[in-house]
$ cat upload_27.cif   # mmCIF, C-alpha atoms
data_my_file
loop_
_atom_site.label_atom_id
_atom_site.label_comp_id
_atom_site.auth_asym_id
_atom_site.auth_seq_id
_atom_site.Cartn_x
_atom_site.Cartn_y
_atom_site.Cartn_z
CA MET A 100 -15.67 -13.42 2.84
CA THR A 101 -14.38 -16.09 5.14
CA ASP A 102 -10.96 -16.48 6.56
CA SER A 103 -10.26 -19.30 4.15
CA ALA A 104 -11.33 -17.19 1.20
CA LEU A 105 -8.94 -14.49 2.33
CA ARG A 106 -6.22 -17.05 2.65
CA GLU A 107 -6.93 -18.29 -0.83
CA LEU A 108 -6.62 -14.75 -2.06
CA ALA A 109 -3.29 -14.43 -0.36
CA ASP A 110 -1.95 -17.74 -1.55
CA ASP A 111 -3.24 -18.04 -5.10
CA PRO A 112 -0.46 -17.09 -7.52
CA SER A 113 -2.45 -17.88 -10.66
CA SER A 114 -3.31 -14.37 -11.77
CA ARG A 115 0.09 -12.91 -11.11
CA LYS A 116 1.09 -12.37 -14.68
CA ARG A 117 -2.33 -11.70 -16.12
CA PHE A 118 -2.51 -7.95 -15.96
CA PHE A 119 1.09 -7.03 -15.83
CA LYS A 120 1.50 -7.04 -19.58
CA MET A 121 -1.68 -5.11 -20.06
CA MET A 122 -0.56 -2.19 -17.95
CA GLY A 123 2.97 -2.10 -19.28
CA GLY A 124 6.18 -1.14 -17.54
CA ALA A 125 6.14 2.56 -18.42
CA GLY A 126 9.72 3.63 -17.82
CA ALA A 127 9.05 7.12 -16.58
CA VAL A 128 11.43 9.76 -17.77
CA SER A 129 12.08 12.26 -15.08
CA ALA A 130 13.91 15.52 -14.79
CA PHE A 131 16.30 14.50 -12.04
CA SER A 132 18.97 16.87 -13.20
CA VAL A 133 16.69 19.77 -12.39
CA PHE A 134 16.97 18.76 -8.79
CA LEU A 135 20.68 18.21 -8.91
CA ALA A 136 21.17 21.63 -10.44
CA ALA A 137 18.99 23.19 -7.79
CA CYS A 138 20.57 21.62 -4.75
CA GLY A 139 24.13 21.37 -5.96
CA ASP A 140 24.69 25.09 -5.69
CA ASP A 141 22.73 28.12 -4.69
CA ASP A 142 22.00 29.75 -8.01
CA ASP A 143 18.43 30.06 -9.14
CA ASP A 144 18.74 28.33 -12.46
CA THR A 145 16.63 25.18 -12.43
CA ALA A 146 16.16 25.00 -16.15
CA SER A 147 19.03 22.75 -17.12
CA THR A 148 17.98 19.30 -18.18
CA SER A 149 20.11 16.37 -19.14
CA THR A 150 17.50 13.68 -19.03
CA PRO A 151 18.79 10.18 -18.35
CA ALA A 152 17.91 7.33 -20.70
CA ALA A 153 15.14 8.79 -22.78
CA GLY A 154 12.05 6.58 -23.10
CA GLY A 155 11.68 2.93 -24.03
CA LYS A 156 14.93 1.23 -23.13
CA THR A 157 15.79 1.33 -19.48
CA THR A 158 18.86 -0.64 -18.55
CA GLU A 159 19.54 -1.80 -15.02
CA GLU A 160 22.27 0.80 -14.75
CA ASP A 161 19.90 3.57 -15.67
CA GLY A 162 17.49 2.22 -13.04
CA VAL A 163 20.14 2.46 -10.35
CA LYS A 164 21.09 5.91 -11.55
CA GLY A 165 17.51 7.05 -11.43
CA ASP A 166 17.00 5.59 -7.98
CA LEU A 167 20.14 7.30 -6.73
CA GLU A 168 18.91 10.62 -8.02
CA ILE A 169 15.57 10.13 -6.31
CA LEU A 170 17.33 9.10 -3.10
CA ASN A 171 19.50 12.20 -3.21
CA TYR A 172 16.44 14.33 -3.82
CA ALA A 173 14.77 12.73 -0.79
CA LEU A 174 17.98 13.21 1.19
CA THR A 175 17.96 16.92 0.42
CA LEU A 176 14.41 17.25 1.72
CA GLU A 177 15.24 15.26 4.84
CA PHE A 178 18.33 17.42 5.44
CA LEU A 179 16.08 20.43 5.25
CA GLU A 180 13.54 19.01 7.69
CA ALA A 181 16.13 17.76 10.15
CA ARG A 182 17.94 21.08 10.12
CA PHE A 183 14.73 22.99 10.62
CA TYR A 184 13.66 21.06 13.72
CA LYS A 185 17.17 21.28 15.13
CA GLN A 186 17.31 25.04 14.73
CA VAL A 187 13.81 25.50 16.09
CA ILE A 188 14.60 23.50 19.21
CA GLU A 189 17.93 25.25 19.70
CA SER A 190 16.25 28.63 19.36
CA GLY A 191 14.30 27.95 22.56
CA ILE A 192 11.15 29.26 20.97
CA VAL A 193 9.12 26.17 21.87
CA LYS A 194 7.92 26.48 25.46
CA ASP A 195 4.91 24.15 25.45
CA PRO A 196 6.21 20.71 26.53
CA LYS A 197 3.73 18.87 24.30
CA VAL A 198 4.83 20.78 21.23
CA GLY A 199 8.45 20.45 22.33
CA LYS A 200 8.13 16.69 22.63
CA ILE A 201 6.66 16.39 19.16
CA ALA A 202 9.23 18.70 17.58
CA THR A 203 12.08 16.79 19.22
CA LYS A 204 10.70 13.42 18.17
CA PHE A 205 9.99 14.53 14.60
CA GLY A 206 13.44 16.10 14.37
CA MET A 207 15.12 12.89 15.50
CA THR A 208 13.07 10.90 13.03
CA GLU A 209 14.11 13.18 10.17
CA GLN A 210 17.75 12.85 11.18
CA GLU A 211 17.33 9.07 11.10
CA HIS A 212 15.83 9.37 7.63
CA VAL A 213 18.91 11.36 6.63
CA ASP A 214 21.21 8.67 7.99
CA ALA A 215 19.22 5.88 6.36
CA LEU A 216 19.14 7.58 2.97
CA LYS A 217 22.85 8.33 3.09
CA ALA A 218 23.62 4.71 3.95
CA THR A 219 21.35 3.45 1.19
CA ILE A 220 22.90 5.77 -1.41
CA THR A 221 26.36 4.62 -0.42
CA LYS A 222 25.34 0.95 -0.58
CA LEU A 223 24.02 1.46 -4.08
CA GLY A 224 27.38 2.87 -5.11
CA GLY A 225 26.32 6.51 -5.18
CA THR A 226 27.53 9.62 -3.41
CA PRO A 227 25.17 11.31 -0.95
CA VAL A 228 24.64 14.98 -1.74
CA ALA A 229 25.84 17.53 0.77
CA ALA A 230 23.34 19.21 3.06
CA PRO A 231 21.94 22.32 1.40
CA GLU A 232 22.51 25.74 2.92
CA THR A 233 19.28 26.73 4.62
CA LYS A 234 17.75 29.90 5.97
CA PHE A 235 15.14 29.39 8.63
CA GLU A 236 16.10 32.37 10.78
CA GLU A 237 13.44 34.63 9.34
CA THR A 238 10.72 32.08 10.04
CA ILE A 239 11.96 31.43 13.55
CA ASP A 240 12.07 35.16 14.26
CA LYS A 241 8.38 35.38 13.45
CA GLY A 242 7.46 33.19 16.39
CA LEU A 243 6.05 29.79 17.20
CA MET A 244 2.98 29.90 15.00
CA ALA A 245 5.06 30.75 11.96
CA VAL A 246 7.42 27.93 12.85
CA LEU A 247 4.64 25.37 13.18
CA ASP A 248 3.09 26.66 10.01
CA ALA A 249 6.33 26.19 8.13
CA ALA A 250 6.93 22.77 9.69
CA ALA A 251 3.49 21.62 8.62
CA ASP A 252 4.02 22.93 5.10
CA VAL A 253 7.38 21.21 4.80
CA GLU A 254 6.03 17.89 6.10
CA ASN A 255 3.10 17.98 3.72
CA LEU A 256 5.52 18.78 0.96
CA GLY A 257 7.72 15.87 2.02
CA ALA A 258 4.79 13.47 1.90
CA ALA A 259 3.77 14.77 -1.52
CA ALA A 260 7.36 14.50 -2.74
CA TYR A 261 7.73 10.82 -1.78
CA LEU A 262 4.33 10.02 -3.24
CA GLY A 263 5.30 11.77 -6.45
CA GLN A 264 8.38 9.57 -6.86
CA ALA A 265 6.99 6.15 -5.89
CA GLY A 266 6.25 5.19 -9.47
CA ASN A 267 9.71 6.22 -10.66
CA ILE A 268 11.67 3.98 -8.30
CA LYS A 269 13.03 0.86 -9.98
CA ASN A 270 14.58 -1.09 -7.13
CA LYS A 271 11.95 -2.80 -4.97
CA GLU A 272 13.95 -2.43 -1.81
CA VAL A 273 14.41 1.28 -2.38
CA LEU A 274 10.67 1.50 -3.03
CA ALA A 275 9.90 -0.31 0.22
CA ALA A 276 12.15 2.09 2.11
CA ALA A 277 10.59 5.11 0.42
CA LEU A 278 7.11 3.88 1.30
CA ALA A 279 8.12 3.29 4.91
CA ILE A 280 9.33 6.89 5.09
CA HIS A 281 6.46 8.34 3.06
CA SER A 282 3.80 7.31 5.57
CA VAL A 283 5.84 8.70 8.44
CA GLU A 284 6.02 12.07 6.68
CA ALA A 285 2.27 11.85 6.22
CA ARG A 286 1.79 11.21 9.93
CA HIS A 287 3.96 14.22 10.73
CA ALA A 288 2.02 16.37 8.30
CA ALA A 289 -1.37 15.39 9.68
CA ALA A 290 -0.26 15.80 13.30
CA LEU A 291 1.18 19.28 12.74
CA ASN A 292 -1.87 20.38 10.80
CA GLN A 293 -4.04 19.08 13.60
CA LEU A 294 -2.01 20.94 16.23
CA LEU A 295 -2.41 24.09 14.16
CA GLY A 296 -6.15 23.58 14.04
CA ARG A 297 -6.14 23.66 10.28
CA GLY A 298 -9.11 21.35 9.88
CA PHE A 299 -9.57 18.54 7.40
CA GLY A 300 -9.62 20.46 4.15
CA GLY A 301 -7.28 23.28 4.88
CA LYS A 302 -6.33 25.99 2.48
CA GLY A 303 -4.14 25.91 -0.56
CA GLY A 304 -3.86 22.19 -1.15
CA LEU A 305 -1.18 21.24 1.37
CA SER A 306 -2.43 22.51 4.63
CA GLY A 307 -5.32 20.44 5.98
CA THR A 308 -4.99 17.28 8.03
CA LEU A 309 -6.49 15.57 4.98
CA PRO A 310 -5.77 18.27 2.42
CA ASP A 311 -6.79 16.32 -0.65
CA GLY A 312 -9.71 14.43 0.83
CA ALA A 313 -9.60 10.65 0.50
CA PHE A 314 -6.77 10.55 -2.02
CA ALA A 315 -3.43 12.23 -1.45
CA LYS A 316 -1.77 13.95 -4.37
CA GLY A 317 1.87 13.56 -5.21
CA MET A 318 4.05 16.41 -6.42
CA ASP A 319 6.78 16.35 -8.99
CA MET A 320 10.34 17.31 -8.22
CA GLU A 321 10.17 20.69 -9.87
CA SER A 322 7.14 21.84 -7.87
CA VAL A 323 8.57 20.56 -4.60
CA LEU A 324 11.88 22.29 -5.16
CA ALA A 325 10.14 25.51 -6.07
CA ALA A 326 8.12 25.28 -2.85
CA VAL A 327 11.15 24.75 -0.59
CA LYS A 328 13.18 27.44 -2.30
CA PRO A 329 12.37 30.11 0.29
CA PHE A 330 14.17 27.97 2.87
CA LEU A 331 17.30 27.49 0.81
CA ALA A 332 20.06 30.01 1.28
CA MET B 141 23.83 10.15 20.35
CA HIS B 142 23.56 7.06 18.21
CA SER B 143 20.34 7.04 16.33
CA SER B 144 20.34 3.26 16.21
CA HIS B 145 19.13 3.38 19.78
CA MET B 146 16.20 5.49 18.76
CA VAL B 147 14.83 3.08 16.21
CA ALA B 148 12.15 0.84 17.62
CA PRO B 149 13.99 -1.92 19.46
CA GLU B 150 11.56 -4.58 18.28
CA LEU B 151 13.17 -4.30 14.86
CA ALA B 152 16.08 -6.32 16.05
CA ALA B 153 13.79 -9.21 16.89
CA ILE B 154 12.45 -9.56 13.40
CA GLU B 155 14.07 -12.38 11.53
CA ILE B 156 15.32 -11.99 8.06
CA GLN B 157 13.46 -14.55 6.03
CA GLY B 158 13.81 -15.70 2.49
CA VAL B 159 16.21 -14.64 -0.16
CA THR B 160 15.12 -11.91 -2.49
CA ARG B 161 16.49 -10.54 -5.68
CA GLU B 162 17.73 -7.60 -3.66
CA ALA B 163 19.53 -9.78 -1.15
CA PHE B 164 22.87 -8.48 -2.31
CA LEU B 165 21.99 -5.07 -1.01
CA ILE B 166 20.88 -6.42 2.32
CA ARG B 167 24.01 -8.48 2.71
CA ALA B 168 26.09 -5.44 1.90
CA THR B 169 24.23 -3.40 4.46
CA LEU B 170 24.64 -6.03 7.12
CA ALA B 171 28.29 -6.57 6.33
CA ALA B 172 28.96 -2.89 6.66
CA GLY B 173 27.36 -3.00 10.08
CA ALA B 174 25.69 0.29 9.39
CA THR B 175 24.73 2.10 12.53
CA TYR B 176 21.79 3.87 11.12
CA GLY B 177 18.25 3.45 9.99
CA ALA B 178 18.95 1.70 6.75
CA LEU B 179 20.04 -1.33 8.65
CA SER B 180 17.08 -1.23 10.93
CA ALA B 181 14.70 -0.90 8.03
CA THR B 182 16.21 -3.78 6.13
CA PRO B 183 14.63 -6.70 7.99
CA PHE B 184 11.17 -5.26 7.34
CA ILE B 185 11.93 -4.79 3.74
CA THR B 186 13.25 -8.29 3.32
CA LYS B 187 10.09 -9.56 4.88
CA ALA B 188 7.90 -7.46 2.65
CA LEU B 189 9.71 -8.64 -0.43
CA ALA B 190 9.71 -12.28 0.61
CA GLN B 191 5.96 -12.58 0.31
CA ASP B 192 4.47 -13.58 -2.97
CA SER B 193 1.21 -12.32 -4.29
CA GLY B 194 -1.23 -13.20 -7.00
CA GLY B 195 -0.90 -10.06 -9.04
CA ASP B 196 -2.30 -6.57 -8.89
CA ILE B 197 -5.96 -7.58 -8.87
CA ASP B 198 -5.46 -9.80 -5.88
CA ILE B 199 -3.56 -7.03 -4.10
CA LEU B 200 -6.37 -4.62 -4.91
CA ASN B 201 -8.97 -7.07 -3.61
CA TYR B 202 -6.95 -7.52 -0.45
CA ALA B 203 -6.88 -3.73 -0.02
CA LEU B 204 -10.58 -3.59 -0.80
CA THR B 205 -11.28 -6.06 1.99
CA LEU B 206 -9.40 -3.87 4.45
CA GLU B 207 -11.25 -0.78 3.29
CA TYR B 208 -14.63 -2.54 3.60
CA LEU B 209 -13.66 -3.30 7.15
CA GLU B 210 -12.60 0.25 7.97
CA ALA B 211 -15.61 1.81 6.26
CA GLU B 212 -18.03 -0.43 8.13
CA PHE B 213 -16.15 0.14 11.35
CA TYR B 214 -16.62 3.92 11.24
CA THR B 215 -20.15 3.66 9.85
CA LEU B 216 -21.19 1.65 12.90
CA ALA B 217 -19.05 3.70 15.27
CA VAL B 218 -20.71 7.02 14.51
CA LYS B 219 -24.06 5.38 15.29
CA GLN B 220 -23.08 3.43 18.36
CA VAL B 221 -20.20 4.96 20.28
CA LYS B 222 -21.31 7.10 23.19
CA GLY B 223 -19.29 9.91 24.70
CA LEU B 224 -17.39 11.19 21.68
CA SER B 225 -16.72 14.91 21.69
CA GLY B 226 -17.97 17.03 18.82
CA ASP B 227 -14.56 17.05 17.21
CA GLU B 228 -14.11 13.32 17.68
CA MET B 229 -17.45 12.63 16.01
CA LYS B 230 -16.50 14.94 13.18
CA LEU B 231 -13.25 13.05 12.76
CA ALA B 232 -14.99 9.66 12.79
CA LYS B 233 -17.40 10.82 10.09
CA GLU B 234 -14.58 12.23 7.99
CA LEU B 235 -12.69 8.96 8.25
CA ARG B 236 -15.82 7.00 7.39
CA ASP B 237 -16.32 9.10 4.26
CA ASN B 238 -12.68 8.66 3.24
CA GLU B 239 -12.88 4.87 3.67
CA ASP B 240 -16.10 4.74 1.66
CA GLU B 241 -14.32 6.53 -1.14
CA HIS B 242 -11.42 4.09 -0.92
CA VAL B 243 -13.87 1.19 -1.25
CA ASP B 244 -15.45 2.72 -4.34
CA ALA B 245 -12.11 3.56 -5.94
CA LEU B 246 -10.60 0.13 -5.33
CA ALA B 247 -13.69 -1.70 -6.59
CA ALA B 248 -13.67 0.49 -9.71
CA THR B 249 -9.97 -0.18 -10.27
CA VAL B 250 -10.44 -3.94 -9.97
CA LYS B 251 -13.19 -3.75 -12.58
CA LYS B 252 -11.12 -1.55 -14.84
CA LEU B 253 -8.38 -4.16 -14.79
CA GLY B 254 -10.91 -6.80 -15.79
CA GLY B 255 -11.21 -8.38 -12.36
CA LYS B 256 -14.12 -9.00 -10.04
CA PRO B 257 -14.20 -6.99 -6.83
CA VAL B 258 -14.46 -9.24 -3.77
CA ALA B 259 -17.75 -9.15 -1.91
CA LYS B 260 -17.97 -7.27 1.32
CA PRO B 261 -17.36 -9.66 4.20
CA LYS B 262 -19.80 -10.06 7.08
CA LEU B 263 -18.27 -8.17 9.93
CA ASP B 264 -18.60 -8.18 13.67
CA PHE B 265 -16.59 -5.76 15.75
CA GLY B 266 -17.57 -7.27 19.08
CA GLY B 267 -17.26 -4.80 21.90
CA ALA B 268 -15.29 -2.22 19.94
CA PHE B 269 -18.04 0.37 20.22
CA ALA B 270 -18.78 -0.15 23.91
CA ASP B 271 -17.07 3.08 24.86
CA ARG B 272 -14.94 5.89 23.51
CA ALA B 273 -11.62 4.43 24.61
CA THR B 274 -12.23 0.99 23.10
CA PHE B 275 -13.41 2.52 19.84
CA LEU B 276 -10.36 4.77 19.57
CA LYS B 277 -7.99 1.96 20.45
CA THR B 278 -9.50 -0.31 17.81
CA ALA B 279 -9.43 2.52 15.27
CA ASN B 280 -5.76 3.06 16.08
CA THR B 281 -5.01 -0.61 15.50
CA LEU B 282 -6.93 -0.72 12.23
CA GLU B 283 -5.36 2.43 10.80
CA ASP B 284 -1.82 1.42 11.74
CA ALA B 285 -2.49 -2.01 10.25
CA GLY B 286 -3.80 -0.36 7.09
CA VAL B 287 -0.57 1.60 6.71
CA SER B 288 1.51 -1.54 7.22
CA ALA B 289 -0.63 -3.52 4.79
CA TYR B 290 -0.26 -1.00 1.96
CA ASN B 291 3.43 -0.47 2.65
CA GLY B 292 3.97 -4.23 2.56
CA ALA B 293 2.00 -4.70 -0.64
CA GLY B 294 3.42 -1.66 -2.44
CA PRO B 295 6.66 -3.21 -3.73
CA LEU B 296 4.69 -6.23 -5.02
CA ILE B 297 2.50 -4.11 -7.26
CA GLU B 298 3.38 -4.50 -10.91
CA SER B 299 1.58 -1.57 -12.51
CA VAL B 300 2.80 1.96 -11.99
CA GLU B 301 -0.81 3.20 -12.06
CA VAL B 302 -1.95 0.79 -9.36
CA LEU B 303 1.08 1.72 -7.27
CA ALA B 304 0.19 5.40 -7.59
CA ALA B 305 -3.36 4.67 -6.43
CA ALA B 306 -2.13 2.60 -3.49
CA GLY B 307 0.32 5.35 -2.55
CA SER B 308 -2.35 7.97 -2.59
CA ILE B 309 -4.50 5.83 -0.29
CA VAL B 310 -1.77 4.80 2.13
CA GLN B 311 -0.88 8.41 2.75
CA ILE B 312 -4.45 8.96 3.88
CA GLU B 313 -4.35 5.89 6.13
CA ALA B 314 -1.18 7.28 7.69
CA ARG B 315 -2.86 10.62 8.28
CA HIS B 316 -5.85 8.86 9.82
CA ALA B 317 -3.56 6.89 12.10
CA ALA B 318 -1.82 10.06 13.25
CA LEU B 319 -5.10 11.86 13.92
CA ILE B 320 -6.56 8.98 15.92
CA ARG B 321 -3.32 8.67 17.85
CA LEU B 322 -3.37 12.36 18.74
CA VAL B 323 -6.91 12.00 20.07
CA ARG B 324 -5.61 9.15 22.23
CA ASP B 325 -2.64 11.22 23.45
CA LYS B 326 -0.30 8.77 21.75
CA PRO B 327 2.70 9.72 19.62
CA PRO B 328 1.33 10.28 16.11
CA ALA B 329 4.40 8.86 14.39
CA PRO B 330 6.03 6.41 16.79
CA LEU B 331 8.42 4.79 14.33
CA THR B 332 11.14 6.12 12.06
CA PHE B 333 10.00 3.70 9.37
CA ASP B 334 6.44 2.47 9.25
CA LYS B 335 6.53 -1.29 9.23
CA PRO B 336 5.43 -3.14 6.14
CA ALA B 337 3.29 -6.15 7.00
CA THR B 338 2.75 -9.31 5.02
CA MET B 339 -0.70 -10.27 3.86
CA ASP B 340 -0.65 -13.20 6.27
CA ALA B 341 0.07 -10.99 9.26
CA ILE B 342 -2.72 -8.59 8.34
CA ILE B 343 -5.21 -11.37 7.71
CA LYS B 344 -4.41 -12.79 11.12
CA LYS B 345 -5.05 -9.37 12.62
CA ILE B 346 -8.43 -8.81 10.99
CA THR B 347 -9.74 -12.38 11.20
CA PRO B 348 -11.45 -11.76 14.56
CA PHE B 349 -13.71 -9.17 12.88
CA ILE B 350 -14.72 -11.38 9.96
CA LYS B 351 -17.73 -13.60 10.45
CA GLY B 352 -18.12 -15.05 7.01
#
$ encode --input "upload_27.cif" --output "structure tokens"
Amino acid sequence: MTDSALRELADDPSSRKRFFKMMGGAGAVSAFSVFLAACGDDDDDTASTSTPAAGGKTTEEDGVKGDLEILNYALTLEFLEARFYKQVIESGIVKDPKVGKIATKFGMTEQEHVDALKATITKLGGTPVAAPETKFEETIDKGLMAVLDAAADVENLGAAAYLGQAGNIKNKEVLAAALAIHSVEARHAAALNQLLGRGFGGKGGLSGTLPDGAFAKGMDMESVLAAVKPFLA
Amino acid sequence: MHSSHMVAPELAAIEIQGVTREAFLIRATLAAGATYGALSATPFITKALAQDSGGDIDILNYALTLEYLEAEFYTLAVKQVKGLSGDEMKLAKELRDNEDEHVDALAATVKKLGGKPVAKPKLDFGGAFADRATFLKTANTLEDAGVSAYNGAGPLIESVEVLAAAGSIVQIEARHAALIRLVRDKPPAPLTFDKPATMDAIIKKITPFIKG
């Protein structure tokens, strides 16, 4: 393919509509309230479901509502990550300057994700959820390897969580923001796994540098929240 | 500490172009003078949304072209680059295999949608395999560009299924980028928000490798 052929590909709008109809809009119905129940308080009941706008008809308002719920879900995960790095660094457990540099940088990035998500939620007319109560002390007490292990797990989970929601996001700008964060979480996950020497495949689905091979797998909200539960107070 | 100072300063230099259907949100963000990342991310996003595309098949063929390039790049690299450590060679082969799978999957998806997968371009990587450092640097550029390309194209994808496929690939490109960066002793995740790139910008970037 020549440069001009590539350009043609980029410029030709003719097939834009052709396949759209075929694939359909598929307004995904998601169990956002499961998340809200789980992070709103500290009880262990995640079974309540008040599903928004069942099937078929999705109004713009429902789209915004859904996006806000996804954003708040993402915010909760980012709160968790940011808090974890902060506590780890404050604990003084990280002595290796290379690891320290990475943990500091990743922690700052997660805090910036928190700030960005909060600002976006507010702009959309929503209310950012409060930071969840966390309990990382036990992990930190176990030492650096346990900390890195947990950090890697949480980052892989974060990447899987964003990937799992991409198709549910209605607003294109929110989607663009989520994608821009998703790949950063993936970078964090791969880097931590690499530092841990976990190898490409890893164990248990989330733990290799490339845990799923050539195609990453997303996770739904329920599975992600179940996986982070040990860190929630 | 104000996190706005932490976000890559080059963000500020990027012009906001075009008016999108989400412009209201951007205007609101700008008006509020938000200190944080959302503001910094907005110019990228505007740019990503301002580009038009020719539908999902064209986006898939664009992605396929990038994957052809990456697959060929690593295929040649493992044969030609001297001085890679055992682990580095293992990584290069793993990445090659991943990119091959991306090529196959994208071509299959184009066909499934009733389209015709683009042909593999003739490629020439010049001196990229001359030594370890040049290879790794080029790999770094290609992987970061891949992430930006998918992130830029993502919001333009119409079908939820195609978006899911693109998402599952871009996460792998991001992981590749981080791994190559670690080998180079570079920060694996230098930005708070990975930049979306327009098709034009990516095409400009890969044109030197395409010989017809």
$ atom_distance --input "upload_27.cif" --atom1 "atom CA of A:Leu167" --atom2 "atom CA of A:Ala315"
24.7 Å
$ residues_near_point --input "upload_27.cif" --point "(15.7, 18.0, 2.3)" --cutoff "10 Å" --atoms "all atoms listed in the file" --output "JSON list (two decimals) with C-alpha atoms, in the frame of the given file"
[["chain", "number", "residue", "atom", "x", "y", "z"],
["A", 138, "CYS", "CA", 20.57, 21.62, -4.75],
["A", 171, "ASN", "CA", 19.50, 12.20, -3.21],
["A", 172, "TYR", "CA", 16.44, 14.33, -3.82],
["A", 173, "ALA", "CA", 14.77, 12.73, -0.79],
["A", 174, "LEU", "CA", 17.98, 13.21, 1.19],
["A", 175, "THR", "CA", 17.96, 16.92, 0.42],
["A", 176, "LEU", "CA", 14.41, 17.25, 1.72],
["A", 177, "GLU", "CA", 15.24, 15.26, 4.84],
["A", 178, "PHE", "CA", 18.33, 17.42, 5.44],
["A", 179, "LEU", "CA", 16.08, 20.43, 5.25],
["A", 180, "GLU", "CA", 13.54, 19.01, 7.69],
["A", 181, "ALA", "CA", 16.13, 17.76, 10.15],
["A", 182, "ARG", "CA", 17.94, 21.08, 10.12],
["A", 183, "PHE", "CA", 14.73, 22.99, 10.62],
["A", 209, "GLU", "CA", 14.11, 13.18, 10.17],
["A", 213, "VAL", "CA", 18.91, 11.36, 6.63],
["A", 230, "ALA", "CA", 23.34, 19.21, 3.06],
["A", 231, "PRO", "CA", 21.94, 22.32, 1.40],
["A", 233, "THR", "CA", 19.28, 26.73, 4.62],
["A", 253, "VAL", "CA", 7.38, 21.21, 4.80],
["A", 257, "GLY", "CA", 7.72, 15.87, 2.02],
["A", 324, "LEU", "CA", 11.88, 22.29, -5.16],
["A", 327, "VAL", "CA", 11.15, 24.75, -0.59],
["A", 331, "LEU", "CA", 17.30, 27.49, 0.81]]
$ resolve_selection --input "upload_27.cif" --expression "the PyMOL selection byres ((chain A and resi 270) around 8)" --output "NGL selection string"
:A and (162-163 or 166 or 268-269 or 271-274)
$ closest_residue --input "upload_27.cif" --among "B:Ile346, B:Val250, B:Ala337, B:Ile309" --to "chain A" --atoms "only C-alpha atoms"
B:Ile309
$ axis_aligned_box --input "upload_27.cif" --around "stretch 304-318 of chain B" --padding-each-side "6 Å" --output "lines of an AutoDock Vina configuration file"
center_x = -2.8
center_y = 6.6
center_z = 2.8
size_x = 18.2
size_y = 20.0
size_z = 32.8
$ atom_distance --input "upload_27.cif" --atom1 "atom CA of B:Lys345" --atom2 "atom CA of B:Ile312"
20.3 Å
$ atom_distance --input "upload_27.cif" --atom1 "atom CA of B:Val323" --atom2 "atom CA of B:Glu228"
7.7 Å
$ resolve_selection --input "upload_27.cif" --expression "the PyMOL selection byres ((chain B and resi 230) around 12)" --output "VMD selection string"
(chain A and resid 298 to 299) or (chain B and resid 214 217 to 218 224 to 229 231 to 237 319 to 320)
$ closest_residue --input "upload_27.cif" --among "B:Arg321, B:Arg315, B:Lys277, B:Lys256" --to "chain A" --atoms "all atoms listed in the file"
B:Arg315
$ closest_residue --input "upload_27.cif" --among "A:Asp248, A:Glu236, A:Asp319, A:Asp214" --to "chain B" --atoms "only C-alpha atoms"
A:Asp214
$ closest_residue --input "upload_27.cif" --among "B:Met339, B:Ala289, B:Leu216, B:Val221" --to "chain A" --atoms "only C-alpha atoms"
B:Met339
$ residues_around --input "upload_27.cif" --residues "B:Val243" --least-positions-apart "6" --cutoff "8 Å" --atoms "all atoms listed in the file" --output "list in words"
Leu204, Glu207, Tyr208 and Ala211 of chain B
$ closest_residue --input "upload_27.cif" --among "B:His316, B:Lys252, B:Arg324, B:Leu200" --to "B:Ala285" --atoms "all atoms listed in the file"
B:His316
$ closest_residue --input "upload_27.cif" --among "B:Thr274, B:Gln220, B:Thr205, B:Thr281" --to "chain A" --atoms "all atoms listed in the file"
B:Thr205
